[in-house]
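File shown: structure.txt (compact mmCIF, C-alpha atoms).
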# COMPACT_ATOMS: atom_id res chain seq x y z
CA MET Q 1 42.71 106.72 131.91
CA ASN Q 2 45.89 107.86 130.14
CA SER Q 3 43.85 110.11 127.89
CA LEU Q 4 42.14 111.53 130.97
CA ILE Q 5 45.53 112.25 132.54
CA ARG Q 6 46.73 113.89 129.32
CA ASN Q 7 43.56 115.98 129.25
CA GLY Q 8 44.17 116.86 132.86
CA LYS Q 9 47.74 117.92 132.12
CA SER Q 10 46.57 120.13 129.27
CA VAL Q 11 43.98 121.78 131.48
CA VAL Q 12 46.55 122.22 134.25
CA SER Q 13 49.01 123.87 131.87
CA LEU Q 14 46.29 126.27 130.74
CA VAL Q 15 45.38 126.94 134.31
CA CYS Q 16 48.93 127.68 135.43
CA VAL Q 17 48.92 130.43 132.82
CA VAL Q 18 45.52 131.66 134.00
CA LEU Q 19 46.73 131.65 137.61
CA LEU Q 20 49.72 133.79 136.71
CA VAL Q 21 47.53 136.22 134.82
CA PHE Q 22 44.39 136.48 136.94
CA GLY Q 23 45.09 134.87 140.31
CA GLY Q 24 42.66 132.78 142.36
CA SER Q 25 41.74 132.24 146.01
CA VAL Q 26 43.14 129.85 148.63
CA HIS Q 27 43.26 130.01 152.46
CA GLY Q 28 41.72 133.46 152.64
CA ARG Q 29 44.09 135.09 150.14
CA ARG Q 30 43.98 135.27 146.39
CA LEU Q 31 46.69 133.49 144.45
CA LEU Q 32 49.08 136.07 143.10
CA SER Q 33 49.88 137.21 139.65
CA ALA Q 34 53.50 137.56 138.55
CA ALA Q 35 52.80 141.28 138.27
CA ASP Q 36 52.28 141.45 142.07
CA ARG Q 37 55.83 140.33 142.74
CA PRO Q 38 58.20 143.10 143.93
CA LYS Q 39 61.56 143.34 142.18
CA PRO Q 40 64.04 140.89 143.78
CA SER Q 41 66.49 143.80 144.11
CA ASN Q 42 64.10 145.51 146.55
CA ALA Q 43 64.87 143.16 149.46
CA PRO Q 44 62.63 144.75 152.13
CA ALA Q 45 59.61 144.96 149.79
CA PHE Q 46 60.17 141.43 148.51
CA ALA Q 47 60.56 139.92 151.99
CA ARG Q 48 57.47 141.66 153.39
CA TRP Q 49 55.48 140.65 150.28
CA LEU Q 50 56.55 137.01 150.58
CA VAL Q 51 55.66 136.86 154.28
CA SER Q 52 52.38 138.78 154.03
CA GLN Q 53 51.12 136.76 151.06
CA SER Q 54 52.06 133.37 152.50
CA SER Q 55 49.60 131.42 154.66
CA TRP Q 56 51.72 128.55 156.00
CA GLY Q 57 55.34 127.60 156.59
CA VAL Q 58 57.65 125.48 158.72
CA LEU Q 59 58.31 126.56 162.30
CA SER Q 60 61.50 125.04 163.72
CA THR Q 61 62.25 124.63 167.42
CA ILE Q 62 64.70 122.58 169.51
CA ALA Q 63 63.38 119.11 170.37
CA GLU Q 64 64.70 118.41 173.86
CA ASP Q 65 63.38 114.84 173.73
CA LEU Q 66 65.12 114.15 170.40
CA GLY Q 67 68.65 114.94 171.52
CA GLY Q 68 68.23 118.67 170.95
CA ALA Q 69 67.54 118.16 167.24
CA PRO Q 70 66.08 121.04 165.22
CA PHE Q 71 62.42 120.06 164.76
CA GLY Q 72 60.47 121.61 161.87
CA ASN Q 73 56.68 121.57 161.99
CA VAL Q 74 54.09 122.75 159.46
CA VAL Q 75 51.99 125.64 160.79
CA SER Q 76 49.59 128.25 159.47
CA PHE Q 77 50.27 131.88 160.32
CA SER Q 78 49.44 135.53 159.69
CA ASP Q 79 51.50 138.70 159.93
CA GLY Q 80 48.50 140.98 160.35
CA LEU Q 81 45.01 141.90 159.29
CA PRO Q 82 44.37 142.01 155.51
CA GLU Q 83 46.37 144.87 153.96
CA GLN Q 84 47.89 145.61 157.38
CA GLY Q 85 50.60 142.93 157.65
CA LYS Q 86 53.62 144.17 159.60
CA GLY Q 87 56.00 141.31 158.83
CA VAL Q 88 55.93 139.67 162.28
CA PRO Q 89 54.51 136.13 162.10
CA TYR Q 90 51.81 135.11 164.57
CA PHE Q 91 50.81 131.50 165.17
CA TYR Q 92 47.88 129.71 166.84
CA LEU Q 93 49.35 126.75 168.68
CA THR Q 94 48.35 124.20 171.30
CA SER Q 95 50.72 122.62 173.82
CA LEU Q 96 49.23 119.29 172.70
CA ASP Q 97 51.62 119.82 169.75
CA PRO Q 98 55.38 119.41 170.36
CA THR Q 99 56.34 122.74 168.73
CA ALA Q 100 54.53 124.82 171.37
CA ARG Q 101 56.02 122.67 174.14
CA TYR Q 102 59.56 122.88 172.73
CA GLY Q 103 59.25 126.63 172.15
CA SER Q 104 58.12 127.20 175.73
CA LYS Q 105 61.25 125.53 177.11
CA ASP Q 106 63.72 126.86 174.53
CA HIS Q 107 62.59 129.97 172.65
CA ARG Q 108 65.18 129.65 169.87
CA SER Q 109 63.24 129.21 166.65
CA SER Q 110 63.03 129.95 162.94
CA PHE Q 111 60.16 130.22 160.48
CA THR Q 112 60.71 129.23 156.84
CA LEU Q 113 58.66 130.02 153.75
CA SER Q 114 58.95 129.11 150.08
CA GLU Q 115 57.53 131.18 147.24
CA GLU Q 116 56.62 127.80 145.71
CA ALA Q 117 53.60 127.75 148.04
CA LEU Q 118 52.31 130.99 146.50
CA GLY Q 119 52.17 129.54 142.99
CA THR Q 120 54.32 132.32 141.52
CA CYS Q 121 57.42 130.16 140.84
CA GLY Q 122 55.70 128.45 137.93
CA LYS Q 123 57.89 125.58 136.74
CA ILE Q 124 61.03 126.91 138.45
CA ASP Q 125 62.48 124.30 140.83
CA PRO Q 126 61.90 125.24 144.52
CA GLU Q 127 65.67 125.09 145.17
CA GLU Q 128 66.48 127.49 142.32
CA PRO Q 129 67.47 130.94 143.69
CA THR Q 130 64.80 132.54 141.49
CA CYS Q 131 62.05 130.69 143.41
CA ALA Q 132 62.33 132.80 146.57
CA LYS Q 133 62.72 131.50 150.11
CA ILE Q 134 63.01 133.23 153.44
CA THR Q 135 63.96 132.13 156.94
CA LEU Q 136 63.15 134.37 159.88
CA THR Q 137 65.23 133.38 162.92
CA GLY Q 138 64.51 134.58 166.45
CA LYS Q 139 62.58 133.70 169.59
CA LEU Q 140 59.15 132.08 169.73
CA ASN Q 141 57.08 133.59 172.53
CA LYS Q 142 53.57 132.91 173.82
CA MET Q 143 51.64 136.18 173.91
CA ASP Q 144 49.73 137.59 176.85
CA ALA Q 145 46.17 136.56 175.93
CA ASN Q 146 44.89 139.81 177.43
CA SER Q 147 47.17 142.09 175.42
CA GLU Q 148 45.89 144.28 172.61
CA GLU Q 149 48.54 142.87 170.26
CA ALA Q 150 47.40 139.28 170.96
CA ASP Q 151 43.80 140.28 170.30
CA THR Q 152 44.76 141.85 166.96
CA ALA Q 153 46.98 138.87 166.11
CA LYS Q 154 44.08 136.48 166.80
CA LYS Q 155 41.81 138.52 164.52
CA ALA Q 156 44.54 138.42 161.83
CA LEU Q 157 44.94 134.65 162.19
CA PHE Q 158 41.18 134.05 162.02
CA ALA Q 159 40.89 136.36 158.98
CA LYS Q 160 43.47 134.35 157.00
CA HIS Q 161 42.53 130.95 158.51
CA PRO Q 162 38.76 130.88 159.18
CA ASP Q 163 38.98 127.21 160.23
CA MET Q 164 40.89 128.27 163.35
CA LYS Q 165 37.66 129.69 164.82
CA LYS Q 166 36.31 126.14 164.96
CA TRP Q 167 39.33 124.48 166.55
CA PRO Q 168 38.54 122.60 169.81
CA LYS Q 169 38.28 124.92 172.82
CA ASP Q 170 39.63 122.17 175.09
CA HIS Q 171 42.89 122.13 173.11
CA SER Q 172 43.70 125.55 174.57
CA PHE Q 173 45.14 127.10 171.39
CA GLN Q 174 47.05 130.28 172.16
CA VAL Q 175 48.68 133.02 170.09
CA TYR Q 176 52.47 132.85 169.69
CA LYS Q 177 54.78 135.35 168.04
CA LEU Q 178 58.21 135.08 166.46
CA ASP Q 179 60.43 137.93 167.64
CA ILE Q 180 62.73 138.21 164.62
CA GLU Q 181 66.50 138.58 165.16
CA ASP Q 182 67.88 137.55 161.76
CA ILE Q 183 66.63 137.32 158.17
CA PHE Q 184 67.92 134.93 155.50
CA MET Q 185 66.37 135.42 152.07
CA ILE Q 186 67.33 134.22 148.61
CA ASN Q 187 65.19 135.55 145.75
CA PHE Q 188 67.69 135.69 142.87
CA TYR Q 189 71.17 134.55 141.87
CA GLY Q 190 74.12 135.81 143.87
CA GLY Q 191 73.47 134.47 147.37
CA PRO Q 192 71.33 135.71 150.28
CA LYS Q 193 70.05 139.30 150.06
CA PRO Q 194 71.53 141.59 152.69
CA LEU Q 195 68.52 142.59 154.81
CA THR Q 196 68.47 143.78 158.42
CA VAL Q 197 65.51 143.21 160.76
CA ASP Q 198 65.17 146.99 161.02
CA GLU Q 199 64.98 147.42 157.22
CA TYR Q 200 62.41 144.61 157.09
CA ILE Q 201 60.17 145.73 159.95
CA HIS Q 202 60.17 149.44 159.13
CA PHE Q 203 59.64 149.11 155.39
CA GLU Q 204 56.52 151.06 154.38
CA MET Q 205 54.27 148.51 152.72
CA ASN Q 206 51.29 150.66 151.79
CA LYS Q 207 52.23 151.19 148.17
CA VAL Q 208 53.13 147.53 147.73
CA THR Q 209 50.07 146.16 149.55
CA LYS Q 210 47.74 148.41 147.57
CA ALA Q 211 49.16 146.80 144.47
CA ILE Q 212 48.97 143.21 145.63
CA ILE Q 213 46.06 142.77 148.02
CA MET P 1 40.18 144.41 136.57
CA ASN P 2 37.73 143.20 139.27
CA SER P 3 35.79 141.28 136.69
CA LEU P 4 39.05 139.79 135.45
CA ILE P 5 39.91 138.71 138.98
CA ARG P 6 36.41 137.23 139.41
CA ASN P 7 36.81 135.39 136.13
CA GLY P 8 40.20 134.20 137.32
CA LYS P 9 38.75 132.96 140.60
CA SER P 10 36.02 131.05 138.77
CA VAL P 11 38.56 129.42 136.50
CA VAL P 12 40.77 128.57 139.46
CA SER P 13 37.86 126.98 141.33
CA LEU P 14 37.08 124.88 138.27
CA VAL P 15 40.72 123.98 137.97
CA CYS P 16 41.10 122.93 141.58
CA VAL P 17 38.36 120.40 140.89
CA VAL P 18 40.05 119.31 137.66
CA LEU P 19 43.37 118.94 139.49
CA LEU P 20 41.79 116.67 142.08
CA VAL P 21 40.15 114.57 139.40
CA PHE P 22 42.77 114.33 136.67
CA GLY P 23 46.06 115.51 138.11
CA GLY P 24 48.73 117.54 136.30
CA SER P 25 52.52 117.74 136.19
CA VAL P 26 54.96 119.77 138.28
CA HIS P 27 58.67 119.27 139.15
CA GLY P 28 58.90 115.90 137.42
CA ARG P 29 55.89 114.38 139.09
CA ARG P 30 52.23 114.52 138.21
CA LEU P 31 49.91 116.26 140.64
CA LEU P 32 47.92 113.65 142.52
CA SER P 33 44.30 112.75 142.53
CA ALA P 34 42.52 112.30 145.85
CA ALA P 35 42.12 108.64 144.83
CA ASP P 36 45.92 108.18 145.05
CA ARG P 37 45.96 108.99 148.75
CA PRO P 38 46.48 105.97 151.06
CA LYS P 39 44.10 105.63 154.00
CA PRO P 40 45.32 107.80 156.92
CA SER P 41 44.96 104.73 159.15
CA ASN P 42 47.72 102.98 157.16
CA ALA P 43 50.56 105.04 158.67
CA PRO P 44 53.51 103.38 156.88
CA ALA P 45 51.81 103.56 153.45
CA PHE P 46 50.68 107.13 154.02
CA ALA P 47 54.10 108.34 155.21
CA ARG P 48 55.97 106.68 152.32
CA TRP P 49 53.41 108.06 149.84
CA LEU P 50 53.71 111.60 151.23
CA VAL P 51 57.52 111.52 151.08
CA SER P 52 57.80 109.84 147.66
CA GLN P 53 55.29 112.17 146.02
CA SER P 54 56.73 115.37 147.48
CA SER P 55 59.45 117.29 145.66
CA TRP P 56 60.52 119.91 148.22
CA GLY P 57 60.43 120.58 151.95
CA VAL P 58 62.21 122.36 154.78
CA LEU P 59 65.51 120.97 156.03
CA SER P 60 66.36 122.16 159.54
CA THR P 61 69.85 122.23 161.04
CA ILE P 62 71.55 123.94 163.99
CA ALA P 63 72.88 127.42 163.15
CA GLU P 64 76.07 127.76 165.17
CA ASP P 65 76.43 131.41 164.13
CA LEU P 66 72.88 132.24 165.23
CA GLY P 67 73.22 131.13 168.85
CA GLY P 68 72.50 127.50 168.01
CA ALA P 69 69.06 128.35 166.68
CA PRO P 70 67.18 125.73 164.63
CA PHE P 71 67.52 126.97 161.04
CA GLY P 72 64.96 125.79 158.45
CA ASN P 73 65.85 126.05 154.77
CA VAL P 74 63.81 125.26 151.66
CA VAL P 75 65.35 122.40 149.64
CA SER P 76 64.36 120.06 146.83
CA PHE P 77 64.83 116.33 147.38
CA SER P 78 64.13 112.82 146.15
CA ASP P 79 63.74 109.51 147.97
CA GLY P 80 64.59 107.40 144.92
CA LEU P 81 64.19 106.79 141.23
CA PRO P 82 60.62 107.03 139.89
CA GLU P 83 58.52 104.17 141.32
CA GLN P 84 61.53 103.09 143.40
CA GLY P 85 61.42 105.55 146.31
CA LYS P 86 62.66 103.97 149.54
CA GLY P 87 61.61 106.71 151.96
CA VAL P 88 65.10 108.07 152.67
CA PRO P 89 65.43 111.71 151.53
CA TYR P 90 68.46 112.70 149.45
CA PHE P 91 69.48 116.32 148.86
CA TYR P 92 71.81 118.15 146.46
CA LEU P 93 73.51 120.85 148.49
CA THR P 94 76.43 123.25 148.22
CA SER P 95 78.54 124.46 151.14
CA LEU P 96 77.94 127.96 149.74
CA ASP P 97 74.56 127.52 151.45
CA PRO P 98 74.43 127.63 155.29
CA THR P 99 72.44 124.38 155.64
CA ALA P 100 75.24 122.22 154.23
CA ARG P 101 77.80 124.06 156.39
CA TYR P 102 75.70 123.72 159.56
CA GLY P 103 74.95 120.06 158.84
CA SER P 104 78.62 119.28 158.39
CA LYS P 105 79.47 120.64 161.85
CA ASP P 106 76.36 119.35 163.67
CA HIS P 107 74.57 116.49 161.95
CA ARG P 108 71.34 116.86 163.98
CA SER P 109 68.61 117.67 161.47
CA SER P 110 64.98 117.23 160.50
CA PHE P 111 63.13 117.35 157.20
CA THR P 112 59.52 118.58 157.11
CA LEU P 113 56.85 118.17 154.45
CA SER P 114 53.26 119.34 154.10
CA GLU P 115 50.65 117.60 151.99
CA GLU P 116 49.54 121.13 151.08
CA ALA P 117 52.43 121.21 148.59
CA LEU P 118 50.96 118.18 146.76
CA GLY P 119 47.66 119.91 146.08
CA THR P 120 45.60 117.13 147.67
CA CYS P 121 44.46 119.12 150.73
CA GLY P 122 42.06 121.18 148.62
CA LYS P 123 40.67 123.99 150.75
CA ILE P 124 41.62 122.33 154.04
CA ASP P 125 43.82 124.63 156.13
CA PRO P 126 47.48 123.45 156.21
CA GLU P 127 47.40 123.31 160.03
CA GLU P 128 44.29 121.09 160.07
CA PRO P 129 45.20 117.49 161.04
CA THR P 130 43.48 116.24 157.87
CA CYS P 131 46.03 118.09 155.70
CA ALA P 132 48.91 115.73 156.43
CA LYS P 133 52.39 116.74 157.60
CA ILE P 134 55.47 114.72 158.39
CA THR P 135 58.79 115.48 160.09
CA LEU P 136 61.68 113.07 159.68
CA THR P 137 64.30 113.69 162.38
CA GLY P 138 67.82 112.26 162.27
CA LYS P 139 71.33 113.01 161.07
CA LEU P 140 72.25 114.84 157.86
CA ASN P 141 75.31 113.24 156.25
CA LYS P 142 77.29 114.03 153.13
CA MET P 143 77.57 110.92 151.00
CA ASP P 144 80.75 109.39 149.59
CA ALA P 145 80.61 110.72 146.01
CA ASN P 146 82.12 107.44 144.80
CA SER P 147 79.55 105.18 146.46
CA GLU P 148 76.91 103.31 144.47
CA GLU P 149 74.19 104.74 146.74
CA ALA P 150 75.34 108.32 146.05
CA ASP P 151 75.33 107.60 142.32
CA THR P 152 71.77 106.24 142.49
CA ALA P 153 70.69 109.14 144.73
CA LYS P 154 72.09 111.65 142.22
CA LYS P 155 70.17 109.95 139.38
CA ALA P 156 67.02 110.08 141.55
CA LEU P 157 67.53 113.78 142.31
CA PHE P 158 68.14 114.63 138.64
CA ALA P 159 65.08 112.60 137.59
CA LYS P 160 62.76 114.59 139.89
CA HIS P 161 64.64 117.89 139.53
CA PRO P 162 66.06 118.17 135.97
CA ASP P 163 67.26 121.73 136.69
CA MET P 164 69.90 120.29 139.06
CA LYS P 165 71.86 118.98 136.07
CA LYS P 166 72.49 122.59 135.05
CA TRP P 167 73.57 123.91 138.45
CA PRO P 168 77.04 125.58 138.46
CA LYS P 169 79.88 123.04 138.62
CA ASP P 170 82.01 125.53 140.57
CA HIS P 171 79.43 125.53 143.39
CA SER P 172 80.46 121.95 144.20
CA PHE P 173 76.98 120.57 144.87
CA GLN P 174 77.14 117.21 146.63
CA VAL P 175 74.62 114.55 147.63
CA TYR P 176 73.48 114.50 151.25
CA LYS P 177 71.26 111.99 153.00
CA LEU P 178 69.04 112.17 156.07
CA ASP P 179 69.57 109.09 158.25
CA ILE P 180 66.16 108.91 159.89
CA GLU P 181 65.91 108.26 163.64
CA ASP P 182 62.37 109.45 164.43
CA ILE P 183 59.12 110.06 162.52
CA PHE P 184 56.40 112.55 163.46
CA MET P 185 53.32 112.43 161.24
CA ILE P 186 49.83 113.84 161.59
CA ASN P 187 47.37 112.87 158.86
CA PHE P 188 44.05 112.81 160.73
CA TYR P 189 42.44 113.81 164.02
CA GLY P 190 43.74 112.20 167.20
CA GLY P 191 47.37 113.30 167.33
CA PRO P 192 50.56 111.98 165.72
CA LYS P 193 50.37 108.51 164.15
CA PRO P 194 52.50 105.91 165.93
CA LEU P 195 55.11 104.95 163.32
CA THR P 196 58.57 103.49 163.87
CA VAL P 197 61.48 104.05 161.48
CA ASP P 198 61.56 100.28 160.91
CA GLU P 199 57.86 100.18 159.95
CA TYR P 200 58.43 103.15 157.62
CA ILE P 201 61.61 101.94 155.90
CA HIS P 202 60.55 98.35 155.47
CA PHE P 203 57.02 98.99 154.24
CA GLU P 204 56.51 97.31 150.85
CA MET P 205 55.49 100.14 148.52
CA ASN P 206 55.01 98.21 145.29
CA LYS P 207 51.25 97.92 145.50
CA VAL P 208 50.89 101.56 146.52
CA THR P 209 53.32 102.94 143.94
CA LYS P 210 51.66 100.97 141.15
CA ALA P 211 48.48 102.77 142.09
CA ILE P 212 49.91 106.26 142.37
CA ILE P 213 52.86 106.67 140.00
Could you write out this file's structure as structure tokens?
Amino acid sequence: MNSLIRNGKSVVSLVCVVLLVFGGSVHGRRLLSAADRPKPSNAPAFARWLVSQSSWGVLSTIAEDLGGAPFGNVVSFSDGLPEQGKGVPYFYLTSLDPTARYGSKDHRSSFTLSEEALGTCGKIDPEEPTCAKITLTGKLNKMDANSEEADTAKKALFAKHPDMKKWPKDHSFQVYKLDIEDIFMINFYGGPKPLTVDEYIHFEMNKVTKAII
Amino acid sequence: MNSLIRNGKSVVSLVCVVLLVFGGSVHGRRLLSAADRPKPSNAPAFARWLVSQSSWGVLSTIAEDLGGAPFGNVVSFSDGLPEQGKGVPYFYLTSLDPTARYGSKDHRSSFTLSEEALGTCGKIDPEEPTCAKITLTGKLNKMDANSEEADTAKKALFAKHPDMKKWPKDHSFQVYKLDIEDIFMINFYGGPKPLTVDEYIHFEMNKVTKAII
């Protein structure tokens, strides 16, 4: 068995290299190559890249039944249709889950992503500043199911997470949106990158997305 | 380039299978084989396995300077020395980072992990109940640097995250601990698994760890 594990480790090492060079496919997106990664100094491009390429993260809300504790929950998300991500995270949640219930009573929320989940940090420790992380803080709001934005958001969610189409109808999943008010991102040494919501939302992604999608 | 990407995808598919069969090594732990995974019905074993095998997660605190919003932050952690994890997460934080500052003023906190980060969910979507997730809610406390527990916790953190040994001395990193008060875990269909903190903390892991470490 030890020899099998050693063989496995060798194959995995080889594969990590292959992943960084060629990329692969997971949860409706291809794994990224290091070449896709914007320069850390370009904060808006880097933040939009990290959010658009990610498929899941931790959505935190206030747990009224746990003494008002901040309650993080793992969720899948999308910020738009393929190649059309706009940086605003959309979620597909059911009130059977505490996060949707908490968010409906207290909209204060944050959504946190690690570059570790993209596979582009390699062997860098997830808490090292060079393995990027971003926290979008704002208000979690349920969308009007009849709105055009909710319809587009649902298409975006289903495109990145095909399994969502099969989720139980009687669980009443609905589209939620995080209205961003603050951005905390560390993607290199030297502390959080200064980045306003306006710089983030209005950054023109076309050139970047053409390179990485 | 397309052919290269196709080749890459093929290799990655092959590798995903290899990973699930043999395992590899990342952040001081080997990637797990599906055979390592406790039965979802054994909630205490599953929760302790998920926490002990994970190397990073999202630590949420209350951001006083963001209107009291729940603020999630990516952190590395350890729950004990190799094969000796006790289920209590320890962190190595600096007050240069907002999470340590927030946690010092308001200890309410939660720590969230996804099985997706272990590589054992395969192609299952991270929001599917069968890709496990756990949220440990409680109080984040800075440990007495001179205590025996803090010394052991630091050794455990350095064992799983060797990079921590090299972190800047002038950043004054210190060991923090999450005192768990509530456990939320979903690892199969049917909603959160009933699991008390007592059942979680006092579960005897020896048999399980012998099988998975």
Nearest to Thr61 (chain Q) by atom-to-atom distance, counting only C-alpha atoms, from P:Asn146, P:Ser114, P:Ser109, P:Asn141: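 Checking each of P:Asn146, P:Ser114, P:Ser109, P:Asn141 against Thr61 (chain Q), counting only C-alpha atoms, the winner is P:Ser109.
In this comparison, which uses all atoms listed in the file, the residue of P:Phe173, P:Tyr200, P:Phe188, P:Phe71 approaching chain Q most closely is P:Phe71.
CA of Leu140 (chain P) to CA of Ile201 (chain P) spans 16.8 Å [interatomic distance, one decimal].
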Interatomic distance, CA of Cys131 (chain P) to CA of Asn73 (chain P) (Å, one decimal):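 About the pair CA of Cys131 (chain P) and CA of Asn73 (chain P): they are 21.4 Å apart.
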Atomic separation - CA of Ala43 (chain P) relative to CA of Asp182 (chain P), Å: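 About the pair CA of Asp182 (chain P) and CA of Ala43 (chain P): they are 13.9 Å apart.
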